[in-house]
Every structure is written in structure tokens, then in C-alpha cells.
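*Asks:* Got upload21.cif for you, mmCIF, C-alpha atoms:
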```
data_model
loop_
_atom_site.label_atom_id
_atom_site.label_comp_id
_atom_site.auth_asym_id
_atom_site.auth_seq_id
_atom_site.Cartn_x
_atom_site.Cartn_y
_atom_site.Cartn_z
CA MET A 57 -25.26 4.88 -19.41
CA ARG A 58 -22.24 7.15 -19.81
CA VAL A 59 -22.64 8.28 -16.20
CA PHE A 60 -22.75 4.63 -15.11
CA ILE A 61 -19.54 3.81 -17.02
CA MET A 62 -17.75 6.89 -15.66
CA GLN A 63 -18.84 5.86 -12.17
CA ARG A 64 -17.42 2.35 -12.60
CA LEU A 65 -14.12 3.40 -14.21
CA THR A 66 -13.42 6.05 -11.58
CA ALA A 67 -14.38 3.55 -8.84
CA VAL A 68 -11.54 1.27 -9.96
CA ALA A 69 -9.13 4.22 -10.15
CA LEU A 70 -10.18 5.37 -6.67
CA VAL A 71 -9.45 2.00 -5.08
CA LEU A 72 -5.82 2.56 -6.14
CA PHE A 73 -5.61 6.32 -5.55
CA LEU A 74 -7.36 6.26 -2.18
CA THR A 75 -5.32 3.34 -0.85
CA LEU A 76 -2.15 5.15 -1.88
CA HIS A 77 -3.41 8.44 -0.39
CA MET A 78 -4.26 6.87 2.97
CA ILE A 79 -0.90 5.09 3.23
CA VAL A 80 1.32 8.04 2.31
CA VAL A 81 -0.68 10.88 3.90
CA HIS A 82 -2.52 9.55 6.93
CA TYR A 83 -0.41 6.67 8.30
CA PRO A 84 1.20 6.74 10.75
CA PRO A 85 -1.19 9.41 12.12
CA GLY A 86 0.45 12.74 12.92
CA HIS A 87 0.11 16.50 12.72
CA LEU A 88 -0.31 17.57 9.12
CA ASP A 89 1.29 20.89 8.32
CA PHE A 90 2.67 22.56 5.21
CA SER A 91 6.22 21.25 5.68
CA ARG A 92 5.01 17.65 6.06
CA VAL A 93 2.86 17.87 2.91
CA ILE A 94 5.64 19.53 0.91
CA GLU A 95 8.03 16.65 1.65
CA ARG A 96 5.93 14.59 -0.75
CA LEU A 97 4.52 17.25 -3.07
CA ALA A 98 7.93 18.72 -3.88
CA ASN A 99 8.11 15.82 -6.33
CA PRO A 100 6.18 16.72 -9.54
CA ILE A 101 5.14 13.06 -9.99
CA TRP A 102 3.17 13.23 -6.72
CA LYS A 103 1.56 16.46 -7.88
CA GLY A 104 0.47 14.67 -11.08
CA ILE A 105 -0.85 11.69 -9.12
CA ASP A 106 -2.82 13.99 -6.79
CA ILE A 107 -4.33 15.94 -9.70
CA LEU A 108 -5.47 12.69 -11.35
CA PHE A 109 -6.84 11.56 -7.97
CA LEU A 110 -8.76 14.85 -7.68
CA LEU A 111 -10.20 14.40 -11.18
CA ALA A 112 -11.28 10.80 -10.50
CA VAL A 113 -12.83 11.57 -7.10
CA LEU A 114 -14.78 14.57 -8.45
CA ILE A 115 -16.19 12.57 -11.38
CA HIS A 116 -17.11 9.70 -9.04
CA ALA A 117 -18.68 11.99 -6.42
CA LEU A 118 -20.71 14.06 -8.87
CA ALA A 119 -21.85 11.03 -10.89
CA GLY A 120 -22.89 9.38 -7.61
CA ALA A 121 -24.74 12.46 -6.38
CA TYR A 122 -26.44 12.71 -9.79
CA ALA A 123 -27.59 9.07 -9.57
CA VAL A 124 -28.94 9.60 -6.03
CA LEU A 125 -30.78 12.79 -7.01
CA MET A 126 -32.24 11.24 -10.17
CA ASP A 127 -33.94 8.67 -7.93
CA VAL A 128 -35.91 11.52 -6.34
CA GLU A 129 -39.12 11.91 -8.31
CA ARG A 130 -39.29 15.71 -7.90
CA VAL A 131 -35.77 16.16 -9.28
CA THR A 132 -36.13 13.94 -12.37
CA PRO A 133 -37.69 16.68 -14.62
CA TYR A 134 -34.61 18.86 -14.02
CA LYS A 135 -32.18 16.32 -15.44
CA ARG A 136 -30.46 18.73 -17.85
CA ALA A 137 -30.08 21.45 -15.22
CA LEU A 138 -28.64 18.86 -12.83
CA ILE A 139 -26.10 17.70 -15.42
CA GLY A 140 -25.14 21.31 -16.24
CA GLY A 141 -24.83 22.25 -12.57
CA SER A 142 -22.73 19.15 -11.85
CA ILE A 143 -20.34 19.94 -14.70
CA ILE A 144 -19.91 23.56 -13.56
CA LEU A 145 -19.38 22.50 -9.93
CA GLY A 146 -16.94 19.82 -11.02
CA VAL A 147 -14.89 22.19 -13.20
CA VAL A 148 -14.75 24.88 -10.48
CA ALA A 149 -13.76 22.34 -7.80
CA PHE A 150 -11.17 20.78 -10.10
CA VAL A 151 -9.53 24.11 -10.99
CA TYR A 152 -9.50 25.24 -7.33
CA GLY A 153 -8.22 21.84 -6.14
CA ALA A 154 -5.51 21.67 -8.81
CA MET A 155 -4.40 25.22 -7.91
CA THR A 156 -4.17 24.07 -4.29
CA ILE A 157 -2.01 21.07 -5.18
CA LEU A 158 0.28 23.30 -7.24
CA ALA A 159 0.45 25.81 -4.36
CA PHE A 160 2.47 23.27 -2.36
CA ASP A 161 5.70 24.69 -3.68
CA PRO A 162 8.98 24.55 -1.71
CA SER A 163 9.48 28.29 -2.32
CA ALA A 164 6.32 29.00 -0.27
CA LEU A 165 7.93 27.26 2.71
CA LEU A 166 11.17 29.25 2.28
CA ALA A 167 9.11 32.45 2.37
CA VAL A 168 7.88 31.50 5.88
CA ASN A 169 11.34 30.52 7.16
CA MET B 951 -37.46 -6.23 1.41
CA TYR B 952 -36.04 -3.87 4.04
CA LYS B 953 -34.23 -6.70 5.83
CA THR B 954 -32.44 -8.12 2.81
CA THR B 955 -28.66 -7.74 2.50
CA GLY B 956 -29.25 -6.10 -0.88
CA PHE B 957 -31.30 -3.30 0.67
CA ILE B 958 -28.94 -2.87 3.64
CA SER B 959 -25.94 -2.69 1.32
CA PHE B 960 -27.74 -0.21 -0.98
CA LEU B 961 -28.80 2.00 1.96
CA PHE B 962 -25.37 2.05 3.64
CA ARG B 963 -23.61 2.67 0.33
CA ARG B 964 -25.90 5.58 -0.50
CA VAL B 965 -25.72 7.15 2.97
CA SER B 966 -21.92 6.80 3.10
CA GLY B 967 -21.71 8.10 -0.48
CA VAL B 968 -23.73 11.24 0.24
CA ALA B 969 -21.68 11.87 3.42
CA LEU B 970 -18.44 11.44 1.45
CA VAL B 971 -19.58 13.85 -1.30
CA LEU B 972 -20.27 16.51 1.34
CA TYR B 973 -16.93 15.77 3.01
CA LEU B 974 -15.08 15.98 -0.33
CA PHE B 975 -16.16 19.56 -0.99
CA MET B 976 -15.37 20.60 2.60
CA HIS B 977 -11.97 18.90 2.25
CA ILE B 978 -11.20 20.77 -0.99
CA TRP B 979 -12.13 24.05 0.76
CA VAL B 980 -10.05 23.27 3.89
CA ILE B 981 -6.93 22.24 1.98
CA GLY B 982 -7.50 25.26 -0.30
CA ALA B 983 -6.01 27.40 2.49
CA ALA B 984 -2.66 26.45 0.93
CA ASN B 985 -3.46 28.98 -1.81
CA GLY B 986 -2.95 31.65 0.87
CA GLY B 987 0.52 30.33 1.75
CA ALA B 988 2.10 28.05 4.33
CA GLU B 989 0.99 30.12 7.35
CA ALA B 990 -2.65 30.20 6.26
CA PHE B 991 -2.58 26.44 5.66
CA ASN B 992 -0.97 25.68 9.03
CA ALA B 993 -3.48 27.93 10.83
CA ARG B 994 -6.42 26.10 9.27
CA MET B 995 -4.91 22.68 9.90
CA ALA B 996 -4.31 23.63 13.56
CA VAL B 997 -8.09 24.02 13.98
CA LEU B 998 -8.52 20.44 12.75
CA GLN B 999 -6.21 19.11 15.48
CA ALA B 1000 -9.07 19.43 18.00
CA PRO B 1001 -10.08 16.02 19.45
CA LEU B 1002 -13.57 16.31 17.93
CA PHE B 1003 -12.20 16.47 14.38
CA ARG B 1004 -9.76 13.65 15.06
CA ILE B 1005 -12.58 11.41 16.27
CA LEU B 1006 -14.64 12.43 13.23
CA GLU B 1007 -11.70 11.20 11.14
CA VAL B 1008 -12.38 7.68 12.44
CA ALA B 1009 -16.03 7.99 11.32
CA LEU B 1010 -14.79 9.25 7.94
CA LEU B 1011 -12.43 6.30 7.63
CA THR B 1012 -15.21 3.77 8.34
CA ALA B 1013 -17.45 5.46 5.74
CA VAL B 1014 -14.65 5.32 3.15
CA ILE B 1015 -13.86 1.66 3.92
CA TYR B 1016 -17.53 0.60 3.79
CA HIS B 1017 -18.22 2.49 0.57
CA GLY B 1018 -15.02 1.21 -1.05
CA PHE B 1019 -15.41 -2.43 -0.04
CA ASP B 1020 -19.08 -2.59 -0.97
CA GLY B 1021 -18.20 -0.96 -4.28
CA ILE B 1022 -15.55 -3.62 -4.93
CA ARG B 1023 -18.14 -6.30 -4.08
CA LEU B 1024 -20.53 -4.81 -6.64
CA LEU B 1025 -17.80 -4.70 -9.30
CA ILE B 1026 -16.99 -8.38 -8.63
CA VAL B 1027 -20.67 -9.39 -8.81
CA HIS B 1028 -21.27 -7.55 -12.09
CA TRP B 1029 -18.00 -8.18 -13.91
CA PHE B 1030 -17.70 -11.85 -13.02
CA ARG B 1031 -21.48 -12.41 -13.26
CA VAL B 1032 -21.68 -14.11 -9.88
CA THR B 1033 -25.03 -12.72 -8.73
CA GLU B 1034 -25.77 -16.01 -6.96
CA TYR B 1035 -22.91 -15.25 -4.53
CA ARG B 1036 -23.81 -11.62 -3.86
CA GLN B 1037 -25.16 -12.38 -0.37
CA SER B 1038 -22.12 -14.44 0.67
CA LEU B 1039 -19.88 -11.75 -0.77
CA PHE B 1040 -21.76 -9.15 1.29
CA TYR B 1041 -21.05 -11.06 4.52
CA ALA B 1042 -17.41 -11.55 3.55
CA MET B 1043 -17.13 -7.87 2.64
CA PHE B 1044 -18.74 -6.85 5.95
CA VAL B 1045 -16.25 -8.93 7.98
CA LEU B 1046 -13.38 -7.37 6.01
CA PHE B 1047 -14.88 -3.90 6.50
CA VAL B 1048 -15.02 -4.41 10.30
CA LEU B 1049 -11.46 -5.80 10.45
CA VAL B 1050 -9.90 -3.08 8.28
CA SER B 1051 -11.86 -0.39 10.16
CA ILE B 1052 -10.39 -1.67 13.44
CA VAL B 1053 -6.85 -1.92 12.04
CA GLY B 1054 -7.09 1.54 10.47
CA GLY B 1055 -9.25 3.20 13.12
CA VAL B 1056 -7.38 2.21 16.30
CA PRO B 1057 -4.17 4.15 15.44
CA LEU B 1058 -6.29 7.22 14.57
CA LEU B 1059 -8.28 6.88 17.79
CA LEU B 1060 -5.13 6.46 19.89
CA PHE B 1061 -3.64 9.54 18.22
CA ALA B 1062 -6.86 11.45 18.93
CA LEU B 1063 -6.85 10.43 22.62
CA GLU B 1064 -3.12 10.94 23.19
CA GLY B 1065 -3.41 14.43 21.73
CA ASN B 1066 0.17 14.71 20.49
#
```
Please rewrite the model in this file as C-alpha cells.
*Replies:*
Amino acid sequence: MRVFIMQRLTAVALVLFLTLHMIVVHYPPGHLDFSRVIERLANPIWKGIDILFLLAVLIHALAGAYAVLMDVERVTPYKRALIGGSIILGVVAFVYGAMTILAFDPSALLAVN
Amino acid sequence: MYKTTGFISFLFRRVSGVALVLYLFMHIWVIGAANGGAEAFNARMAVLQAPLFRILEVALLTAVIYHGFDGIRLLIVHWFRVTEYRQSLFYAMFVLFVLVSIVGGVPLLLFALEGN
């Protein structure tokens, strides 16, 4: 039940985050490079928004994958291992993703130029 | 059973969901090049400028739009307890999905074909 609620709450958050992400990052379509990304991520508020987006999308994705796998009869006995594995994968991906977002620092661009 | 809108919606939502989970982890890894600095990030992003990846972006967009819109339909059906309208809502959602995919996909496709 908790997985179901997490899935629903993050779904609502993702409608907002993903719409925002598509509008500010992918439209109008163009080459994405470090300088283009840093224009937005130089602002700490955008970094915060992206980290929350990352958290919501990871919870939604892993809860969804868990629900799909639990429908497979052979996987059902390994419920606890699946939950443990999902949490570890989620934490690792979140830490790595958050480090990536924070790596978009204007000083990194100055180092290149 | 296999021809009902409920089953079709369930199947498409699951398939798009699994595809998006796989994409998410690849995306985190690709963007993670930024941890190696601006040059490493730009080098990895340059690989993704190939026409194949740009066309795949259109497929990704349609998967996101389908999954998102069908998810919103489910939320409406459950929260507002309108199960009797779930089939009509599916058709309405599908029309919206096609329209938004065209509006969002055409600029991406043109960018992919123009190659600039």
C-alpha cells in the first residue's frame, strides 16, 4: 500500500516537474552542451528543483518496476530482496544524479575557457 | 479481454513504463559525464547529436506523453470515482496523446532531419 501511495504522489509531482523540464530544457530543440545547461543551473533554485525532480522520478520508476516485477510469479517469493535492491539502487542513483546536478558549476566552465 | 481499452491501456502503460525506467538509468549515466567536467560532458553529448539518437528522442517523447496522460486518466478515474467514464476518458486521452505527440514531436523531428 505504501508503494502504491508513493507511486501516486510522485506521479502528480512528475506531471509538474516533467512538463517544466521539457519546456525549459528541450524546447525549442537545439544542441545541448555544458554552457547551455549552466545558463539555467547557475541558479541554485533550479538545482533544487532538479534534485527534487530526480528524487520523484527515481521513487516513481523504482516503485513502478517493483509493481511490474511483483506481478511475475517467479519473482514474488523474493519480495524483500527486491525491496532492498530497489532501495540501494535508488540511493546510489540519487547520490550520483545529485552530484551531477551540483557539478554544473559556472567555475567548471571558466576552467575550460 | 485482450481487446478491451482497459487491457490496451494497461499494456501500453506497462511497456512504456519499463522502457522509461531503462531510459532513466541510461540518462543518469549519460548526464553523469558532467562529473568529469565541461569537456567530458560536451564530448558525450556530441555523440548524442547523431540522427539516430535524435529520432529516438521522438520515440522517447511519445512514450513519456502516453505514460503521463494515461497516468493522469487513472488518477482522475480513481480520485473522482468516475469508473463508468474510464472508457470515454481513454479515448479522450488517446486523442490528446496523439495531438500533443505531433505538436511536440514535429519540432524534434525537423531538428533531427535538418541536422543543425
*Asks:* Between chain B and chain A, at 7 Å or less, what are the per-residue closest atom pairs and their distances in Å? Count only C-alpha atoms, order by chain and rising residue number, and return it as JSON lines.
*Replies:*
```
{"residue": "B:Val968", "atom": "CA", "partner": "A:Ala121", "partner_atom": "CA", "distance": 6.8}
{"residue": "B:Val971", "atom": "CA", "partner": "A:Ala117", "partner_atom": "CA", "distance": 5.5}
{"residue": "B:Ile978", "atom": "CA", "partner": "A:Gly153", "partner_atom": "CA", "distance": 6.0}
{"residue": "B:Gly982", "atom": "CA", "partner": "A:Thr156", "partner_atom": "CA", "distance": 5.3}
{"residue": "B:Ala984", "atom": "CA", "partner": "A:Thr156", "partner_atom": "CA", "distance": 5.9}
{"residue": "B:Asn985", "atom": "CA", "partner": "A:Thr156", "partner_atom": "CA", "distance": 5.5}
{"residue": "B:Gly987", "atom": "CA", "partner": "A:Ala164", "partner_atom": "CA", "distance": 6.3}
{"residue": "B:Ala988", "atom": "CA", "partner": "A:Phe90", "partner_atom": "CA", "distance": 5.6}
{"residue": "B:Phe991", "atom": "CA", "partner": "A:Phe90", "partner_atom": "CA", "distance": 6.5}
{"residue": "B:Asn992", "atom": "CA", "partner": "A:Asp89", "partner_atom": "CA", "distance": 5.3}
{"residue": "B:Met995", "atom": "CA", "partner": "A:Asp89", "partner_atom": "CA", "distance": 6.6}
{"residue": "B:Gly1018", "atom": "CA", "partner": "A:Val71", "partner_atom": "CA", "distance": 6.9}
{"residue": "B:Pro1057", "atom": "CA", "partner": "A:Pro85", "partner_atom": "CA", "distance": 6.9}
{"residue": "B:Leu1058", "atom": "CA", "partner": "A:Pro85", "partner_atom": "CA", "distance": 6.1}
{"residue": "B:Phe1061", "atom": "CA", "partner": "A:Pro85", "partner_atom": "CA", "distance": 6.6}
```
*Asks:* Return the single residue from A:Ile144, A:Leu72, A:Met126, A:Val80 that is closest to A:Val59, with distances computed using only C-alpha atoms.
*Replies:*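 Of A:Ile144, A:Leu72, A:Met126, A:Val80, the one nearest A:Val59 is A:Met126, counting only C-alpha atoms.
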*Asks:* For A:His77, which residue out of A:Leu108, A:Arg130, A:Met57, A:Val147 is the nearest one, using all atoms listed in the file?
*Replies:*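 Nearest candidate to A:His77 out of A:Leu108, A:Arg130, A:Met57, A:Val147: A:Leu108.
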*Asks:* If the PyMOL selection byres ((chain B and resi 952-957) around 12) were run on this exact file, what residues would it hold? Put them as a VMD selection string.
*Replies:* chain B and resid 951 958 to 964 1020 1023 to 1024 1033 1035 to 1044
*Asks:* Separation of atom CA of B:Arg1031 and atom CA of A:Ile61, in Å?
*Replies:*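 Value for the atom CA of B:Arg1031-atom CA of A:Ile61 distance: 16.8 Å.
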*Asks:* Which residues come within 10 Å of A:Tyr122, counting all atoms listed in the file, excluding same-chain residues fewer than 6 positions away, as a short mmCIF file (atom, residue, chain, number, x, y, z; two decimals) with C-alpha atoms, in the frame of the given file?
*Replies:*
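Result file is around23.cif:
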```
data_model
loop_
_atom_site.label_atom_id
_atom_site.label_comp_id
_atom_site.auth_asym_id
_atom_site.auth_seq_id
_atom_site.Cartn_x
_atom_site.Cartn_y
_atom_site.Cartn_z
CA VAL A 59 -22.64 8.28 -16.20
CA HIS A 116 -17.11 9.70 -9.04
CA VAL A 131 -35.77 16.16 -9.28
CA LYS A 135 -32.18 16.32 -15.44
CA LEU A 138 -28.64 18.86 -12.83
CA ILE A 139 -26.10 17.70 -15.42
CA SER A 142 -22.73 19.15 -11.85
#
```
*Asks:* In Å, with one decimal, what is the gap from atom CA of B:Val1053 to atom CA of B:Thr1012?
*Replies:*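 Going from atom CA of B:Val1053 over to atom CA of B:Thr1012 covers 10.8 Å.
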*Asks:* Evaluate the PyMOL selection byres ((chain B and resi 1001) around 8) and record the selected residues as a PDB file with C-alpha atoms, in the frame of the given file, following the chain and residue labels used in the document.
*Replies:*
```pdb
ATOM      1  CA  GLN B 999      -6.210  19.110  15.480  1.00  0.00           C
ATOM      2  CA  ALA B1000      -9.070  19.430  18.000  1.00  0.00           C
ATOM      3  CA  LEU B1002     -13.570  16.310  17.930  1.00  0.00           C
ATOM      4  CA  PHE B1003     -12.200  16.470  14.380  1.00  0.00           C
ATOM      5  CA  ARG B1004      -9.760  13.650  15.060  1.00  0.00           C
ATOM      6  CA  ILE B1005     -12.580  11.410  16.270  1.00  0.00           C
ATOM      7  CA  ALA B1062      -6.860  11.450  18.930  1.00  0.00           C
ATOM      8  CA  LEU B1063      -6.850  10.430  22.620  1.00  0.00           C
ATOM      9  CA  GLY B1065      -3.410  14.430  21.730  1.00  0.00           C
TER      10      GLY B1065
END
```
*Asks:* Could you tell me how far atom CA of B:Tyr1016 sits from atom CA of A:Thr132, in Å to one decimal place?
*Replies:*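 Spanning atom CA of A:Thr132 to atom CA of B:Tyr1016 is a straight-line distance of 28.0 Å.
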*Asks:* Using all atoms listed in the file, find the one residue out of B:Leu970, B:Val1045, B:Ile1052, B:Phe975 that sits nearest to A:Val148.
*Replies:*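 Looking at the shortest contact to A:Val148, the residue is B:Phe975.
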*Asks:* Extending 6 Å beyond the listed atoms of stretch 66-84 of chain A on each side, what axis-aligned box results? I want centre and edge lengths in Å to one decimal, as AutoDock Vina command-line options.
*Replies:*
```
--center_x -6.5 --center_y 6.1 --center_z -0.4 --size_x 27.7 --size_y 21.6 --size_z 34.3
```
*Asks:* Could you check the closest approach to A:Ile107 for each of A:Val81, A:Glu129, A:Gln63, A:Phe73 and tell me which residue wins, using only C-alpha atoms?
*Replies:*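 The closest residue to A:Ile107 is A:Phe73.
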*Asks:* Which residue out of B:Val1032, B:His977, B:Phe1047, B:Leu1060 has the minimum interatomic distance to B:Ala1013 when all atoms listed in the file are used?
*Replies:*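 That would be B:Phe1047, the residue with the smallest distance to B:Ala1013.
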